[in-house]
$ cat protein.cif   # mmCIF, C-alpha atoms
data_target
loop_
_atom_site.label_atom_id
_atom_site.label_comp_id
_atom_site.auth_asym_id
_atom_site.auth_seq_id
_atom_site.Cartn_x
_atom_site.Cartn_y
_atom_site.Cartn_z
CA MET A 13 0.00 0.00 0.00
CA PRO A 14 2.74 2.51 0.84
CA LEU A 15 4.32 1.52 -2.46
CA PHE A 16 1.10 2.32 -4.32
CA ARG A 17 0.84 5.69 -2.50
CA SER A 18 4.36 6.69 -3.48
CA PHE A 19 3.60 5.67 -7.09
CA VAL A 20 0.55 7.90 -7.10
CA VAL A 21 2.60 10.78 -5.70
CA ILE A 22 5.22 10.35 -8.38
CA VAL A 23 2.57 10.31 -11.09
CA ILE A 24 0.94 13.46 -9.71
CA ILE A 25 4.27 15.29 -9.50
CA SER A 26 5.28 14.36 -13.04
CA MET A 27 1.88 15.30 -14.45
CA SER A 28 2.01 18.73 -12.80
CA GLY A 29 5.46 19.22 -14.30
CA LEU A 30 4.15 18.43 -17.76
CA THR A 31 1.32 20.90 -17.34
CA ALA A 32 3.76 23.63 -16.33
CA CYS A 33 5.84 22.98 -19.42
CA ALA A 34 2.81 23.15 -21.68
CA GLY A 35 1.70 26.42 -20.15
CA ASN A 36 5.12 27.82 -20.65
CA ARG A 37 4.98 26.88 -24.34
CA ILE A 38 1.59 28.54 -24.83
CA ALA A 39 2.83 31.69 -23.16
CA ARG A 40 5.85 31.83 -25.46
CA SER A 41 3.82 31.49 -28.69
CA ALA A 42 1.51 34.24 -27.49
CA ASP A 43 4.53 36.54 -27.21
CA VAL A 44 5.43 36.19 -30.94
CA PRO A 45 4.81 39.46 -32.72
CA ALA A 46 2.23 39.53 -35.44
CA ALA A 47 4.73 40.64 -38.03
CA ILE A 48 6.62 37.43 -37.81
CA THR A 49 3.50 35.34 -37.86
CA ALA A 50 2.66 36.95 -41.19
CA VAL A 51 5.32 34.91 -42.88
CA PRO A 52 4.44 34.07 -46.46
CA SER A 53 2.49 30.95 -46.70
CA SER A 54 4.18 27.86 -47.81
CA GLU A 55 1.93 27.67 -50.85
CA PRO A 56 3.98 27.88 -54.04
CA GLU A 57 3.86 31.31 -55.55
CA GLN A 58 2.53 31.48 -59.08
CA VAL A 59 5.34 32.48 -61.42
CA ALA A 60 4.75 33.50 -64.95
CA PRO A 61 6.17 30.85 -67.24
CA THR A 62 9.48 31.85 -68.77
CA PRO A 63 10.07 31.21 -72.43
CA SER A 64 12.73 28.66 -71.62
CA SER A 65 10.40 26.65 -69.44
CA THR A 66 7.73 26.46 -72.11
CA PRO A 67 8.10 23.87 -74.78
CA THR A 68 9.33 25.56 -77.92
CA THR A 69 7.87 24.75 -81.28
CA PRO A 70 10.12 25.39 -84.26
CA PRO A 71 8.93 28.24 -86.50
CA PRO A 72 6.99 27.02 -89.47
CA THR A 73 9.06 26.49 -92.55
CA PRO A 74 8.01 28.90 -95.30
CA THR A 75 6.33 26.97 -98.00
CA ALA A 76 6.27 29.74 -100.63
CA THR A 77 9.35 29.84 -102.82
CA PRO A 78 10.88 33.34 -102.87
CA THR A 79 10.82 35.00 -106.24
CA PRO A 80 14.36 35.03 -107.59
CA THR A 81 15.76 38.54 -108.04
CA PRO A 82 17.31 38.87 -111.45
CA THR A 83 20.97 39.65 -111.02
CA LEU A 84 22.35 41.44 -114.00
CA SER A 85 26.00 42.14 -114.44
CA LEU A 86 27.10 45.76 -114.44
CA ALA A 87 27.36 45.78 -118.23
CA GLU A 88 23.95 44.14 -118.70
CA MET A 89 22.31 46.57 -116.31
CA LEU A 90 23.84 49.68 -117.90
CA LEU A 91 22.98 48.45 -121.39
CA ALA A 92 19.40 47.68 -120.41
CA GLU A 93 18.93 51.07 -118.80
CA ALA A 94 20.89 53.17 -121.29
CA ARG A 95 19.30 56.61 -121.53
CA HIS A 96 22.07 58.57 -123.15
CA SER A 97 23.84 57.00 -126.08
CA GLN A 98 25.49 57.98 -129.33
CA GLY A 99 26.33 55.91 -132.37
CA ALA A 100 24.87 52.97 -134.18
CA GLU A 101 23.00 50.47 -132.05
CA ASP A 102 24.59 47.63 -134.03
CA ALA A 103 28.14 48.94 -133.75
CA PRO A 104 30.64 46.14 -133.12
CA VAL A 105 31.92 47.77 -129.94
CA THR A 106 29.92 49.14 -127.05
CA PHE A 107 31.74 51.65 -124.91
CA ILE A 108 30.02 52.48 -121.61
CA GLU A 109 31.17 55.24 -119.32
CA PHE A 110 29.78 55.59 -115.81
CA SER A 111 30.99 58.81 -114.39
CA ASP A 112 30.58 61.79 -112.16
CA PHE A 113 30.59 65.38 -113.41
CA LYS A 114 32.62 66.64 -110.44
CA MET B 27 35.20 63.22 -126.40
CA SER B 28 35.32 64.97 -129.76
CA ARG B 29 38.08 62.65 -131.03
CA LEU B 30 36.15 59.65 -129.83
CA ARG B 31 33.10 60.95 -131.67
CA ASP B 32 34.97 61.66 -134.88
CA GLU B 33 37.06 58.52 -135.01
CA TYR B 34 34.82 55.83 -133.56
CA ILE B 35 31.22 56.92 -133.02
CA GLU B 36 30.52 58.79 -136.25
CA THR B 37 32.24 56.07 -138.22
CA GLY B 38 29.85 53.42 -136.90
CA LYS B 39 32.53 51.49 -135.03
CA VAL B 40 31.44 52.29 -131.49
CA ARG B 41 28.23 52.84 -129.64
CA PHE B 42 28.90 55.11 -126.68
CA ILE B 43 26.68 55.05 -123.59
CA PHE B 44 26.93 57.44 -120.69
CA SER B 45 25.55 56.57 -117.28
CA HIS B 46 25.58 58.71 -114.16
CA TYR B 47 27.68 57.46 -111.29
CA ALA B 48 27.33 60.33 -108.85
CA THR B 49 29.41 59.31 -105.89
CA LEU B 50 31.35 62.40 -104.89
CA GLY B 51 28.71 64.10 -102.77
CA PRO B 52 25.73 66.44 -103.17
CA GLU B 53 27.35 68.52 -105.91
CA SER B 54 27.81 65.38 -108.01
CA THR B 55 24.19 64.46 -107.61
CA LYS B 56 23.13 68.02 -108.38
CA ALA B 57 25.20 68.10 -111.56
CA ALA B 58 23.72 64.79 -112.70
CA GLU B 59 20.24 66.16 -112.05
CA GLY B 60 21.08 69.25 -114.10
CA SER B 61 22.07 67.09 -117.05
CA GLU B 62 18.85 65.10 -116.69
CA CYS B 63 16.86 68.32 -116.71
CA ALA B 64 18.68 69.22 -119.93
CA ALA B 65 17.81 65.76 -121.29
CA ASP B 66 14.15 66.59 -120.65
CA GLN B 67 14.66 69.29 -123.28
CA ASP B 68 16.54 66.91 -125.62
CA ALA B 69 19.84 68.58 -124.85
CA PHE B 70 21.67 66.02 -122.76
CA TRP B 71 24.82 65.86 -124.90
CA PRO B 72 25.45 69.60 -125.33
CA TYR B 73 24.86 70.09 -121.60
CA HIS B 74 27.03 67.08 -120.75
CA ASP B 75 29.91 68.40 -122.87
CA LEU B 76 29.70 71.91 -121.45
CA LEU B 77 29.44 70.72 -117.86
CA PHE B 78 32.36 68.32 -118.23
CA ALA B 79 34.53 70.90 -119.95
CA ASP B 80 33.87 73.48 -117.25
CA GLN B 81 34.46 71.05 -114.41
CA VAL B 82 37.76 69.89 -115.91
CA LYS B 83 38.88 73.46 -116.51
CA ASN B 84 37.43 75.46 -113.62
CA HIS B 85 36.24 72.97 -110.99
CA SER B 86 33.33 75.34 -110.43
CA ARG B 87 31.07 74.83 -107.44
CA VAL B 88 27.85 73.17 -108.57
CA THR B 89 24.91 75.26 -107.45
CA ASP B 90 21.47 75.81 -108.93
CA GLU B 91 22.67 79.18 -110.26
CA TYR B 92 25.67 77.58 -111.91
CA LEU B 93 23.55 74.87 -113.55
CA MET B 94 21.07 77.54 -114.68
CA ALA B 95 23.86 79.56 -116.24
CA LEU B 96 25.01 76.52 -118.22
CA ALA B 97 21.44 75.87 -119.29
CA GLY B 98 21.31 79.41 -120.64
CA GLN B 99 24.56 78.88 -122.57
CA VAL B 100 23.16 75.73 -124.18
CA GLY B 101 20.02 77.63 -125.11
CA LEU B 102 17.58 75.79 -122.89
CA ASP B 103 14.28 77.11 -121.62
CA THR B 104 15.63 78.26 -118.27
CA ALA B 105 12.21 78.58 -116.63
CA HIS B 106 11.52 74.93 -117.41
CA PHE B 107 15.00 73.99 -116.37
CA SER B 108 14.60 75.82 -113.05
CA ASP B 109 11.29 74.07 -112.38
CA CYS B 110 12.93 70.74 -113.10
CA LEU B 111 15.72 71.41 -110.60
CA ASP B 112 13.24 72.62 -107.97
CA ASN B 113 10.99 69.60 -108.40
CA GLY B 114 13.90 67.23 -107.87
CA GLY B 115 12.21 64.68 -110.09
CA HIS B 116 15.50 63.06 -111.08
CA ASP B 117 17.10 62.90 -107.60
CA ASN B 118 16.06 59.43 -106.62
CA ARG B 119 17.00 57.82 -109.91
CA VAL B 120 20.48 59.35 -109.88
CA ILE B 121 21.10 58.27 -106.28
CA GLU B 122 19.64 54.82 -106.76
CA LEU B 123 21.63 54.24 -109.94
CA ALA B 124 24.89 55.05 -108.14
CA MET B 125 24.01 52.54 -105.43
CA ARG B 126 23.28 49.82 -107.95
CA ILE B 127 26.48 50.46 -109.91
CA LYS B 128 28.49 50.32 -106.70
CA ALA B 129 26.72 47.13 -105.63
CA ARG B 130 27.88 45.51 -108.86
CA GLY B 131 31.51 46.02 -107.99
CA ALA B 132 32.44 49.30 -109.67
CA ARG B 133 35.67 50.54 -108.17
CA GLY B 134 36.16 54.27 -108.25
CA VAL B 135 34.96 56.84 -110.69
CA PRO B 136 35.03 57.13 -113.64
CA GLY B 137 34.65 53.57 -114.83
CA PHE B 138 34.39 52.16 -118.34
CA LEU B 139 33.21 48.99 -120.02
CA ILE B 140 34.41 48.18 -123.51
CA ASN B 141 32.43 45.20 -124.79
CA GLY B 142 32.08 44.14 -121.18
CA GLN B 143 35.74 44.60 -120.24
CA TYR B 144 35.98 46.73 -117.12
CA ILE B 145 38.46 49.62 -117.03
CA ALA B 146 38.79 51.63 -113.83
CA GLY B 147 39.83 55.26 -113.78
CA ALA B 148 40.48 57.98 -116.29
CA LEU B 149 43.08 57.17 -118.93
CA PRO B 150 44.72 59.14 -121.74
CA TYR B 151 42.83 59.00 -125.02
CA GLU B 152 45.59 56.90 -126.58
CA ASP B 153 45.02 54.16 -124.02
CA PHE B 154 41.33 54.07 -124.89
CA GLN B 155 42.28 53.92 -128.55
CA GLY B 156 44.29 50.79 -127.78
CA TYR B 157 41.36 49.15 -125.98
CA LEU B 158 38.88 50.14 -128.68
CA ASP B 159 41.08 48.92 -131.53
CA ALA B 160 41.65 45.62 -129.75
CA ALA B 161 37.90 45.22 -129.20
CA LEU B 162 37.23 46.04 -132.86
CA ALA B 163 39.81 43.49 -133.99
CA GLU B 164 38.28 40.85 -131.73
CA ALA B 165 34.78 41.66 -132.95
CA ALA B 166 35.96 41.33 -136.55
CA LEU B 167 37.14 37.78 -135.83
CA ASP B 168 33.75 36.67 -134.46
#
$ encode --input "protein.cif" --output "C-alpha cells"
Amino acid sequence: MPLFRSFVVIVIISMSGLTACAGNRIARSADVPAAITAVPSSEPEQVAPTPSSTPTTPPPTPTATPTPTPTLSLAEMLLAEARHSQGAEDAPVTFIEFSDFK
Amino acid sequence: MSRLRDEYIETGKVRFIFSHYATLGPESTKAAEGSECAADQDAFWPYHDLLFADQVKNHSRVTDEYLMALAGQVGLDTAHFSDCLDNGGHDNRVIELAMRIKARGARGVPGFLINGQYIAGALPYEDFQGYLDAALAEAALD
C-alpha cells in the first residue's frame, strides 16, 4: 500500500510538471509578434512561365518559294537602262562610261 | 570626247553610252540632275559636254545658279530647267543608280566597259584607242 501511495505521488508530481511545461509553451507562442507570424504561406507562388520553361515549337518552314531577283552584271544593267547613247546600235563595240561630273 | 566621236562613233565602229555614277557628294548628284533636266529638253549631250569641260577646266562649285547659267549657254528654256531642278524629279534615280552600280563592284569613278571589259579610272585618249582597236579586232574575228 505505501508503495502504491508513493507511485501515485510520483505520477501526480510528473503530471504537474508536464502541465507547467505546456503552459510555458503557450505563453511563449503568445509573445510572438504579429509581423513574424505573417510569414508568407508555404503555398507555391505562381510564377509566370518563362520562355525557356515552355516547350518551344520550331517556326513554321516557309512553303512559298521566294521569287528570284534577277541579277544582272554591271554591263547588262547599264545596257538595259541606257538613256544617253550615241552611235549605231549595231556597232561592233559598245563603250560604256559611268561617271561623275565633279 | 570629240576625237572619240569623230574617229569611232561617227564612223559606226562604237556605240557610246553614258551613265551617271554620282558618288562624290551632293554637288555630283546636283550636276547629274542638271544634265537630266537638260535631257528633258533633248539637250543632254550639249549640256554634258559643257558641264564636263567646265568642271575639268574650272572645278566650279555646282549650285542651282551655276547649272542655270550653263542651261542658258546651251540655249535651254531656263524657266523649265529651273522648275525641273526645284521639283527634284531626277534625284532618286540618280542616287539609286549610283548605289546599284556600286553594288555591282564598280571601283572608283570614272569607270568604263568596252564590250564588257571593265576599265577603272580615267586614262589618256591613246590608251582608250588601244582598248577600242583591240575590241574592234576581236569583234571582226567573231
$ residues_around --input "protein.cif" --residues "Arg41 in chain B" --least-positions-apart "4" --cutoff "12 Å" --atoms "all atoms listed in the file" --output "CSV table (one decimal) with C-alpha atoms, keeping the file's coordinate frame"
chain,number,residue,atom,x,y,z
A,91,LEU,CA,23.0,48.4,-121.4
A,94,ALA,CA,20.9,53.2,-121.3
A,96,HIS,CA,22.1,58.6,-123.2
A,97,SER,CA,23.8,57.0,-126.1
A,98,GLN,CA,25.5,58.0,-129.3
A,99,GLY,CA,26.3,55.9,-132.4
A,100,ALA,CA,24.9,53.0,-134.2
A,101,GLU,CA,23.0,50.5,-132.0
A,102,ASP,CA,24.6,47.6,-134.0
A,103,ALA,CA,28.1,48.9,-133.8
A,104,PRO,CA,30.6,46.1,-133.1
A,105,VAL,CA,31.9,47.8,-129.9
A,106,THR,CA,29.9,49.1,-127.0
A,107,PHE,CA,31.7,51.6,-124.9
A,108,ILE,CA,30.0,52.5,-121.6
A,109,GLU,CA,31.2,55.2,-119.3
B,30,LEU,CA,36.2,59.6,-129.8
B,31,ARG,CA,33.1,61.0,-131.7
B,33,GLU,CA,37.1,58.5,-135.0
B,34,TYR,CA,34.8,55.8,-133.6
B,35,ILE,CA,31.2,56.9,-133.0
B,36,GLU,CA,30.5,58.8,-136.2
B,37,THR,CA,32.2,56.1,-138.2
B,139,LEU,CA,33.2,49.0,-120.0
B,140,ILE,CA,34.4,48.2,-123.5
B,141,ASN,CA,32.4,45.2,-124.8
B,158,LEU,CA,38.9,50.1,-128.7
B,162,LEU,CA,37.2,46.0,-132.9
$ closest_atom_pairs --input "protein.cif" --of "chain B" --to "chain A" --cutoff "7 Å" --atoms "all atoms listed in the file" --output "tab-separated table"
residue	atom	partner	partner_atom	distance
B:Ile35	CA	A:Gly99	CA	5.0
B:Glu36	CA	A:Gly99	CA	6.4
B:Gly38	CA	A:Ala100	CA	5.7
B:Lys39	CA	A:Ala103	CA	5.2
B:Val40	CA	A:Val105	CA	4.8
B:Arg41	CA	A:Gly99	CA	4.5
B:Phe42	CA	A:Phe107	CA	4.8
B:Ile43	CA	A:Ser97	CA	4.3
B:Phe44	CA	A:Glu109	CA	5.0
B:Ser45	CA	A:Phe110	CA	4.6
B:His46	CA	A:Ser111	CA	5.4
B:Tyr47	CA	A:Ser111	CA	4.7
B:Ala48	CA	A:Asp112	CA	4.9
B:Thr49	CA	A:Asp112	CA	6.8
B:Ser54	CA	A:Lys114	CA	5.5
B:Ala57	CA	A:Phe113	CA	6.3
B:Ala58	CA	A:Phe113	CA	6.9
B:Phe78	CA	A:Phe113	CA	5.9
B:Gln81	CA	A:Lys114	CA	6.2
B:Ile127	CA	A:Leu86	CA	6.6
B:Arg130	CA	A:Leu86	CA	5.6
B:Val135	CA	A:Ser111	CA	5.8
B:Pro136	CA	A:Ser111	CA	4.4
B:Gly137	CA	A:Phe110	CA	5.4
B:Phe138	CA	A:Glu109	CA	4.6
B:Leu139	CA	A:Ile108	CA	5.0
B:Ile140	CA	A:Phe107	CA	4.6
B:Asn141	CA	A:Thr106	CA	5.2
B:Gly142	CA	A:Ala87	CA	5.8
B:Ala161	CA	A:Val105	CA	6.5
B:Leu162	CA	A:Val105	CA	6.3
B:Ala165	CA	A:Pro104	CA	6.1
$ closest_residue --input "protein.cif" --among "B:Ala97, B:Ile121, B:Cys110, B:Val88" --to "Glu53 in chain B" --atoms "all atoms listed in the file"
B:Val88
$ closest_residue --input "protein.cif" --among "B:Tyr151, B:Glu59, B:Gly156, B:Asp32" --to "Arg119 in chain B" --atoms "all atoms listed in the file"
B:Glu59
$ atom_distance --input "protein.cif" --atom1 "CA of Phe154 in chain B" --atom2 "CA of Ala65 in chain B"
26.5 Å
$ atom_distance --input "protein.cif" --atom1 "CA of Ala163 in chain B" --atom2 "CA of Arg29 in chain B"
19.5 Å
$ atom_distance --input "protein.cif" --atom1 "CA of Ser86 in chain B" --atom2 "CA of Asn113 in chain B"
23.2 Å
$ resolve_selection --input "protein.cif" --expression "the PyMOL selection byres ((chain B and resi 67) around 12)" --output "PDB file with C-alpha atoms, in the frame of the given file"
ATOM      1  CA  GLY B  60      21.080  69.250-114.100  1.00  0.00           C
ATOM      2  CA  SER B  61      22.070  67.090-117.050  1.00  0.00           C
ATOM      3  CA  GLU B  62      18.850  65.100-116.690  1.00  0.00           C
ATOM      4  CA  CYS B  63      16.860  68.320-116.710  1.00  0.00           C
ATOM      5  CA  ALA B  64      18.680  69.220-119.930  1.00  0.00           C
ATOM      6  CA  ALA B  65      17.810  65.760-121.290  1.00  0.00           C
ATOM      7  CA  ASP B  66      14.150  66.590-120.650  1.00  0.00           C
ATOM      8  CA  ASP B  68      16.540  66.910-125.620  1.00  0.00           C
ATOM      9  CA  ALA B  69      19.840  68.580-124.850  1.00  0.00           C
ATOM     10  CA  PHE B  70      21.670  66.020-122.760  1.00  0.00           C
ATOM     11  CA  TRP B  71      24.820  65.860-124.900  1.00  0.00           C
ATOM     12  CA  PRO B  72      25.450  69.600-125.330  1.00  0.00           C
ATOM     13  CA  TYR B  73      24.860  70.090-121.600  1.00  0.00           C
ATOM     14  CA  ALA B  97      21.440  75.870-119.290  1.00  0.00           C
ATOM     15  CA  VAL B 100      23.160  75.730-124.180  1.00  0.00           C
ATOM     16  CA  GLY B 101      20.020  77.630-125.110  1.00  0.00           C
ATOM     17  CA  LEU B 102      17.580  75.790-122.890  1.00  0.00           C
ATOM     18  CA  ASP B 103      14.280  77.110-121.620  1.00  0.00           C
ATOM     19  CA  THR B 104      15.630  78.260-118.270  1.00  0.00           C
ATOM     20  CA  ALA B 105      12.210  78.580-116.630  1.00  0.00           C
ATOM     21  CA  HIS B 106      11.520  74.930-117.410  1.00  0.00           C
ATOM     22  CA  PHE B 107      15.000  73.990-116.370  1.00  0.00           C
ATOM     23  CA  CYS B 110      12.930  70.740-113.100  1.00  0.00           C
TER      24      CYS B 110
END
